[in-house]
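File shown here: run.cif, holding mmCIF, C-alpha atoms and all ligand atoms.
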data_start
#
loop_
_atom_site.label_atom_id
_atom_site.label_comp_id
_atom_site.auth_asym_id
_atom_site.auth_seq_id
_atom_site.Cartn_x
_atom_site.Cartn_y
_atom_site.Cartn_z
CA MET A 38 53.97 9.70 -69.06
CA SER A 39 51.47 12.54 -68.74
CA LEU A 40 49.18 13.46 -71.61
CA ALA A 41 50.75 16.92 -71.73
CA VAL A 42 54.28 15.49 -72.21
CA ARG A 43 53.03 13.08 -74.88
CA SER A 44 51.25 15.87 -76.78
CA ALA A 45 54.29 18.15 -76.57
CA ARG A 46 56.53 15.40 -77.98
CA GLU A 47 54.03 14.65 -80.76
CA ARG A 48 53.99 18.32 -81.72
CA ARG A 49 57.79 18.57 -81.76
CA LEU A 50 58.12 15.40 -83.86
CA ALA A 51 55.52 16.65 -86.34
CA HIS A 52 57.35 19.97 -86.63
CA ALA A 53 60.71 18.24 -87.17
CA SER A 54 59.16 15.89 -89.73
CA ALA A 55 57.86 18.87 -91.72
CA ILE A 56 61.38 20.35 -91.79
CA VAL A 57 62.82 17.03 -93.00
CA GLU A 58 60.21 16.97 -95.74
CA ARG A 59 61.68 20.18 -97.16
CA CYS A 60 65.33 19.17 -96.66
CA ARG A 61 67.58 18.91 -99.72
CA LYS A 62 70.99 18.84 -98.01
CA CYS A 63 72.02 15.71 -99.94
CA ALA A 64 71.47 14.70 -103.56
CA ILE A 65 69.18 11.88 -102.37
CA GLY A 66 66.86 14.59 -101.08
CA SER A 67 65.98 15.23 -104.70
CA THR A 68 65.78 11.62 -105.94
CA ARG A 69 63.54 10.36 -103.12
CA THR A 70 59.79 10.00 -103.62
CA GLN A 71 59.24 11.33 -100.12
CA SER A 72 61.13 11.60 -96.87
CA VAL A 73 60.75 8.89 -94.24
CA TYR A 74 61.03 10.64 -90.92
CA GLY A 75 60.15 7.78 -88.58
CA GLU A 76 57.15 6.76 -86.53
CA GLY A 77 56.03 5.27 -83.28
CA ASP A 78 55.37 6.07 -79.68
CA PRO A 79 56.80 9.51 -78.81
CA CYS A 80 57.33 8.20 -75.27
CA ALA A 81 58.84 4.84 -76.31
CA ASP A 82 61.32 3.07 -74.06
CA LEU A 83 63.00 1.57 -77.14
CA MET A 84 64.18 3.40 -80.26
CA VAL A 85 65.08 1.24 -83.25
CA VAL A 86 67.47 2.83 -85.77
CA GLY A 87 68.06 1.31 -89.20
CA GLU A 88 70.31 2.57 -91.98
CA GLY A 89 67.92 4.18 -94.43
CA PRO A 90 64.61 3.80 -96.26
CA GLY A 91 64.36 1.25 -99.06
CA GLU A 92 62.07 1.23 -102.07
CA THR A 93 58.86 0.36 -100.20
CA GLU A 94 59.57 2.84 -97.41
CA ASP A 95 60.26 5.56 -99.99
CA ARG A 96 56.96 4.82 -101.70
CA LEU A 97 54.89 4.70 -98.50
CA GLY A 98 56.77 7.29 -96.42
CA ARG A 99 57.07 4.90 -93.46
CA PRO A 100 60.12 3.13 -92.03
CA PHE A 101 60.51 -0.67 -92.07
CA VAL A 102 57.37 -1.61 -93.98
CA GLY A 103 58.71 -4.09 -96.56
CA ARG A 104 59.62 -7.72 -95.88
CA ALA A 105 62.38 -6.63 -93.53
CA GLY A 106 59.85 -4.48 -91.69
CA GLU A 107 57.48 -7.41 -91.26
CA LEU A 108 60.34 -9.44 -89.82
CA LEU A 109 61.26 -6.57 -87.51
CA ASP A 110 57.67 -6.48 -86.24
CA ARG A 111 57.89 -10.21 -85.45
CA MET A 112 61.28 -9.76 -83.76
CA LEU A 113 59.91 -7.00 -81.54
CA LEU A 114 56.76 -8.94 -80.72
CA ALA A 115 58.93 -11.88 -79.64
CA ILE A 116 60.19 -9.71 -76.78
CA ASP A 117 56.72 -8.42 -76.03
CA LEU A 118 57.05 -5.10 -77.83
CA PRO A 119 54.28 -4.40 -80.35
CA ARG A 120 55.54 -2.17 -83.16
CA GLU A 121 53.40 0.77 -82.01
CA SER A 122 55.09 0.72 -78.59
CA VAL A 123 58.56 1.57 -79.96
CA PHE A 124 59.90 4.44 -82.09
CA ILE A 125 61.39 3.39 -85.44
CA CYS A 126 63.58 5.54 -87.65
CA ASN A 127 66.75 5.53 -89.76
CA THR A 128 70.14 7.24 -89.87
CA VAL A 129 69.05 8.98 -93.09
CA LYS A 130 65.54 10.10 -93.90
CA CYS A 131 65.78 9.77 -97.69
CA ARG A 132 66.23 6.60 -99.75
CA PRO A 133 69.87 6.18 -100.82
CA THR A 134 69.91 4.89 -104.38
CA LEU A 135 72.20 4.14 -107.28
CA GLU A 136 71.19 3.81 -110.90
CA GLU A 137 71.74 0.43 -112.53
CA GLY A 138 70.39 -0.47 -115.94
CA GLY A 139 68.03 2.49 -115.91
CA LYS A 140 66.61 1.48 -112.51
CA LEU A 141 67.14 2.90 -109.06
CA ARG A 142 68.51 0.37 -106.59
CA ASN A 143 68.88 0.64 -102.82
CA ARG A 144 72.34 1.22 -101.41
CA ALA A 145 73.81 1.88 -97.98
CA PRO A 146 73.92 5.56 -96.99
CA GLU A 147 77.24 7.33 -97.44
CA PRO A 148 79.02 8.77 -94.39
CA ALA A 149 78.42 12.33 -95.68
CA GLU A 150 74.68 11.66 -95.98
CA MET A 151 74.56 10.23 -92.46
CA ALA A 152 76.48 13.25 -91.18
CA ASN A 153 74.07 15.65 -92.92
CA CYS A 154 71.08 13.83 -91.47
CA ARG A 155 72.50 13.32 -88.00
CA PRO A 156 70.98 16.45 -86.44
CA TYR A 157 67.51 15.10 -87.29
CA LEU A 158 68.31 11.76 -85.64
CA ASP A 159 69.82 13.45 -82.59
CA GLU A 160 66.72 15.59 -82.28
CA GLN A 161 64.49 12.49 -82.45
CA ILE A 162 66.53 10.84 -79.70
CA GLU A 163 66.32 13.99 -77.60
CA ILE A 164 62.54 14.30 -78.05
CA VAL A 165 61.65 10.62 -77.49
CA SER A 166 64.31 10.10 -74.76
CA PRO A 167 64.30 6.30 -75.08
CA ARG A 168 65.83 4.16 -72.33
CA VAL A 169 67.47 1.88 -74.92
CA ILE A 170 68.57 2.25 -78.55
CA LEU A 171 68.77 -0.76 -80.89
CA ALA A 172 70.86 -0.17 -84.02
CA LEU A 173 70.10 -2.51 -86.92
CA GLY A 174 72.95 -3.40 -89.25
CA ALA A 175 76.51 -2.17 -89.67
CA PRO A 176 75.82 1.29 -91.20
CA ALA A 177 73.48 2.26 -88.36
CA ALA A 178 75.87 0.86 -85.74
CA ARG A 179 78.84 2.68 -87.30
CA SER A 180 76.94 5.95 -87.35
CA PHE A 181 76.99 5.76 -83.54
CA MET A 182 80.19 3.85 -82.78
CA GLY A 183 82.49 4.95 -85.59
CA PRO A 184 83.73 3.36 -88.84
CA LYS A 185 85.73 0.60 -87.13
CA PHE A 186 82.67 -0.98 -85.54
CA SER A 187 82.39 -4.63 -86.58
CA ILE A 188 78.82 -5.91 -86.62
CA SER A 189 79.99 -9.55 -86.60
CA LYS A 190 82.33 -9.07 -83.62
CA GLN A 191 80.66 -6.32 -81.59
CA ARG A 192 76.95 -6.90 -82.03
CA GLY A 193 75.26 -7.92 -78.80
CA LEU A 194 77.55 -5.73 -76.67
CA TRP A 195 76.33 -2.69 -74.79
CA PHE A 196 77.74 0.72 -75.69
CA GLU A 197 77.01 4.20 -74.50
CA GLY A 198 74.85 5.93 -77.11
CA PRO A 199 73.93 9.61 -77.45
CA GLY A 200 73.18 11.18 -74.09
CA GLY A 201 74.54 8.07 -72.33
CA ILE A 202 71.59 5.95 -73.50
CA PRO A 203 72.50 2.22 -73.56
CA LEU A 204 72.89 1.13 -77.17
CA LEU A 205 73.17 -2.34 -78.66
CA ALA A 206 73.59 -3.32 -82.31
CA THR A 207 72.38 -6.46 -84.02
CA PHE A 208 72.02 -7.73 -87.56
CA HIS A 209 69.56 -5.95 -89.86
CA PRO A 210 66.42 -8.02 -90.57
CA ALA A 211 67.20 -7.72 -94.32
CA TYR A 212 70.46 -9.58 -93.60
CA LEU A 213 68.52 -12.36 -91.91
CA LEU A 214 66.24 -12.62 -94.94
CA ARG A 215 69.28 -13.22 -97.16
CA GLN A 216 70.51 -16.19 -95.08
CA THR A 217 69.59 -19.82 -95.69
CA GLY A 218 70.08 -23.20 -94.08
CA GLY A 219 72.52 -23.54 -91.21
CA GLU A 220 73.71 -19.95 -91.62
CA LEU A 221 70.17 -18.71 -91.05
CA THR A 222 69.80 -20.85 -87.93
CA ALA A 223 73.08 -19.50 -86.54
CA VAL A 224 72.23 -15.84 -87.28
CA LYS A 225 68.72 -16.25 -85.84
CA ARG A 226 70.22 -17.58 -82.62
CA LEU A 227 72.55 -14.58 -82.33
CA VAL A 228 69.76 -12.09 -83.01
CA TRP A 229 67.48 -13.79 -80.51
CA GLY A 230 70.20 -13.46 -77.86
CA ASP A 231 70.53 -9.74 -78.70
CA LEU A 232 66.78 -9.22 -78.48
CA LYS A 233 66.67 -10.92 -75.10
CA ALA A 234 69.47 -8.61 -73.92
CA VAL A 235 67.35 -5.62 -74.99
CA ARG A 236 64.36 -7.02 -73.12
CA SER A 237 66.44 -7.53 -69.97
CA LYS A 238 67.80 -3.99 -70.18
CA LEU A 239 64.28 -2.61 -70.52
CA ASP A 240 63.15 -4.71 -67.57
CA GLU A 241 65.80 -3.17 -65.33
CA ARG A 242 64.01 -0.75 -63.10
CA PRO A 243 65.11 2.84 -63.64
CA GLN A 244 67.19 3.92 -60.65
CA ALA A 245 64.83 5.49 -58.12
CA PRO A 246 66.14 8.81 -56.79
CA THR A 247 67.61 8.44 -53.31
CA PRO A 248 65.08 9.92 -50.91
CA GLU A 249 66.35 12.91 -49.03
CA ILE A 250 67.19 11.82 -45.51
CA VAL A 251 66.00 14.36 -43.03
CA GLN A 252 67.96 14.36 -39.82
CA PRO A 253 65.64 13.38 -37.00
CA ASP A 254 65.33 15.84 -34.20
CA LEU A 255 67.61 13.90 -31.84
CA PHE A 256 69.38 16.82 -30.28
CA GLY A 257 66.54 19.25 -29.81
S1 LIG B 301 69.14 12.38 -96.09
FE1 LIG B 301 68.61 13.77 -94.40
S2 LIG B 301 70.02 15.49 -94.62
FE2 LIG B 301 70.04 14.36 -96.57
S3 LIG B 301 68.46 15.39 -97.82
FE3 LIG B 301 67.46 13.69 -96.77
S4 LIG B 301 66.60 14.60 -94.90
FE4 LIG B 301 68.12 16.02 -95.71
#
Please re-express this file's structure in structure tokens.
Amino acid sequence: MSLAVRSARERRLAHASAIVERCRKCAIGSTRTQSVYGEGDPCADLMVVGEGPGETEDRLGRPFVGRAGELLDRMLLAIDLPRESVFICNTVKCRPTLEEGGKLRNRAPEPAEMANCRPYLDEQIEIVSPRVILALGAPAARSFMGPKFSISKQRGLWFEGPGGIPLLATFHPAYLLRQTGGELTAVKRLVWGDLKAVRSKLDERPQAPTPEIVQPDLFG
């Protein structure tokens, strides 16, 4: 990717991030500490999309930086993708919360919040133009594939994402962190299979354009 393309994408992402920072379309736009736009390589082959920022992300303004983020980094590295080589973001850019006992707790984003935030995600996908999208967890997967998507039955399958980009969903790293014993071993095996499928897809050579065949001068 040329330096000019990279710089242009960086500028567009920075501009979009500044707009998100001022956005108050949902109530969570006013309860957040700060927006979490997303980060990574503007020319990444892989875009990772989670559901929404949690407490640590909200505090630091960066996606996937808590324990789940550390696990995501290890998952990506296992398929030879350092964190800085991918683009990481969420379906919503503000932390969805609910109040319990005077404290704010994380919750999954509501469909209306994901719909409000979708133009920002679509714009990110358009700017970065990844070759593959990896959706983490059911809410992120459903935001692309509809409310009937079953993460337990349909993870690991390839779907057509926005703009025809191949999209695969797998379990969210936070889900892995909640598993123990034999369940953890089984879920790890499934996720590893999904990650290998992503690696294989990325390793497929992009289709080279068919060279124009010029008719030789046989009849001259
Ligand atoms: S979640 Fe998205 S649409 Fe809603 S207030 Fe935050 S940035 Fe705006």
Need the neighbours of (69.6, 4.4, -106.9): which residues are at most 10 Å away, counting only C-alpha atoms, as a PDB file with C-alpha atoms, in the coordinates of the input?
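Saved result, point-v3.pdb, follows:
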ATOM      1  CA  ILE A  65      69.180  11.880-102.370  1.00  0.00           C
ATOM      2  CA  THR A  68      65.780  11.620-105.940  1.00  0.00           C
ATOM      3  CA  ARG A  69      63.540  10.360-103.120  1.00  0.00           C
ATOM      4  CA  GLY A  91      64.360   1.250 -99.060  1.00  0.00           C
ATOM      5  CA  GLU A  92      62.070   1.230-102.070  1.00  0.00           C
ATOM      6  CA  ARG A 132      66.230   6.600 -99.750  1.00  0.00           C
ATOM      7  CA  PRO A 133      69.870   6.180-100.820  1.00  0.00           C
ATOM      8  CA  THR A 134      69.910   4.890-104.380  1.00  0.00           C
ATOM      9  CA  LEU A 135      72.200   4.140-107.280  1.00  0.00           C
ATOM     10  CA  GLU A 136      71.190   3.810-110.900  1.00  0.00           C
ATOM     11  CA  GLU A 137      71.740   0.430-112.530  1.00  0.00           C
ATOM     12  CA  GLY A 139      68.030   2.490-115.910  1.00  0.00           C
ATOM     13  CA  LYS A 140      66.610   1.480-112.510  1.00  0.00           C
ATOM     14  CA  LEU A 141      67.140   2.900-109.060  1.00  0.00           C
ATOM     15  CA  ARG A 142      68.510   0.370-106.590  1.00  0.00           C
ATOM     16  CA  ASN A 143      68.880   0.640-102.820  1.00  0.00           C
ATOM     17  CA  ARG A 144      72.340   1.220-101.410  1.00  0.00           C
TER      18      ARG A 144
END
Identify, on the basis of all atoms listed in the file, every residue whose closest approach to Ala175 of chain A does not exceed 12 Å; exclude the query and any residue fewer than 2 positions from it along the same chain; express the result as number ranges by chain. A: 86-89, 128, 145-146, 171-173, 177-192, 205-212
Considering all atoms listed in the file, return as a VMD selection string whatever protein or nucleic-acid residues lie within 12 Å of Asp117 of chain A, sequence-local ones (same chain, fewer than 5 positions apart) excluded. chain A and resid 83 110 to 112 122 to 123 232 to 233 235 to 237 239 to 240
Taking only C-alpha atoms and all ligand atoms into account, which residues are within 8 Å of ligand LIG 301 (chain B), as a PyMOL selection string? chain A and resi 57-67+72+74+129-133+150-155+157
Two-atom distance - atom CA of Gly98 of chain A, atom CA of Asn127 of chain A (Å):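 Interatomic distance, atom CA of Gly98 of chain A to atom CA of Asn127 of chain A: 12.1 Å.
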Distance criterion (only C-alpha atoms): nearest to Pro199 of chain A out of A:Ala105, A:Cys80, A:Val169, A:Ile116: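 Nearest to Pro199 of chain A: A:Val169.
Using only C-alpha atoms, the shortest contact distance between Pro167 of chain A and any of A:Met38, A:Leu118, A:Ala81, A:Ala51 is found at A:Ala81.
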May I ask which of the residues A:Cys126, A:Leu40, A:Ser166, A:Asp82 is the closest one to Lys238 of chain A, counting only C-alpha atoms?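 Closest to Lys238 of chain A, using only C-alpha atoms: A:Asp82.
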Could you jot down the atom CA of Arg226 of chain A to atom CA of Pro203 of chain A separation for me, Å, one decimal place?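 Separation of atom CA of Arg226 of chain A and atom CA of Pro203 of chain A: 21.9 Å.
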Of the candidates A:Phe124, A:Trp229, A:Trp195, A:Phe101, which shows the shortest atom-to-atom distance to Val73 of chain A, using only C-alpha atoms?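 Of A:Phe124, A:Trp229, A:Trp195, A:Phe101, the one nearest Val73 of chain A, counting only C-alpha atoms, is A:Phe101.
In this model, the gap between atom CA of Leu50 of chain A and atom CA of Pro79 of chain A comes to 7.9 Å.
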Looking at all atoms listed in the file, which of A:Pro156, A:Ala149, A:Gly200, A:Leu113 is the one that sits closest to Val228 of chain A?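 The answer is A:Leu113, which sits nearest to Val228 of chain A.
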Show me, as JSON, numbers by chain, the residues that have an atom within 12 Å of Arg49 of chain A when counting all atoms listed in the file, minus same-chain residues fewer than 2 positions from it. {"A": [42, 43, 44, 45, 46, 47, 51, 52, 53, 54, 55, 56, 79, 157, 160, 161, 162, 163, 164, 165]}
Let me know the centre plus edge lengths, in Å and rounded to one decimal, of a box with edges along x, y and z that contains all listed atoms of segment 231-238 of chain A and is padded by 6 Å on every side, as JSON.
{"center_x": 67.4, "center_y": -7.5, "center_z": -74.3, "size_x": 18.2, "size_y": 18.9, "size_z": 20.7}
In terms of the shortest atom-to-atom distance over only C-alpha atoms, which of A:Arg99, A:Pro176, A:Gly193, A:Arg104 is closest to Arg215 of chain A?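 Looking only at the distances to Arg215 of chain A, the closest residue turns out to be A:Arg104.
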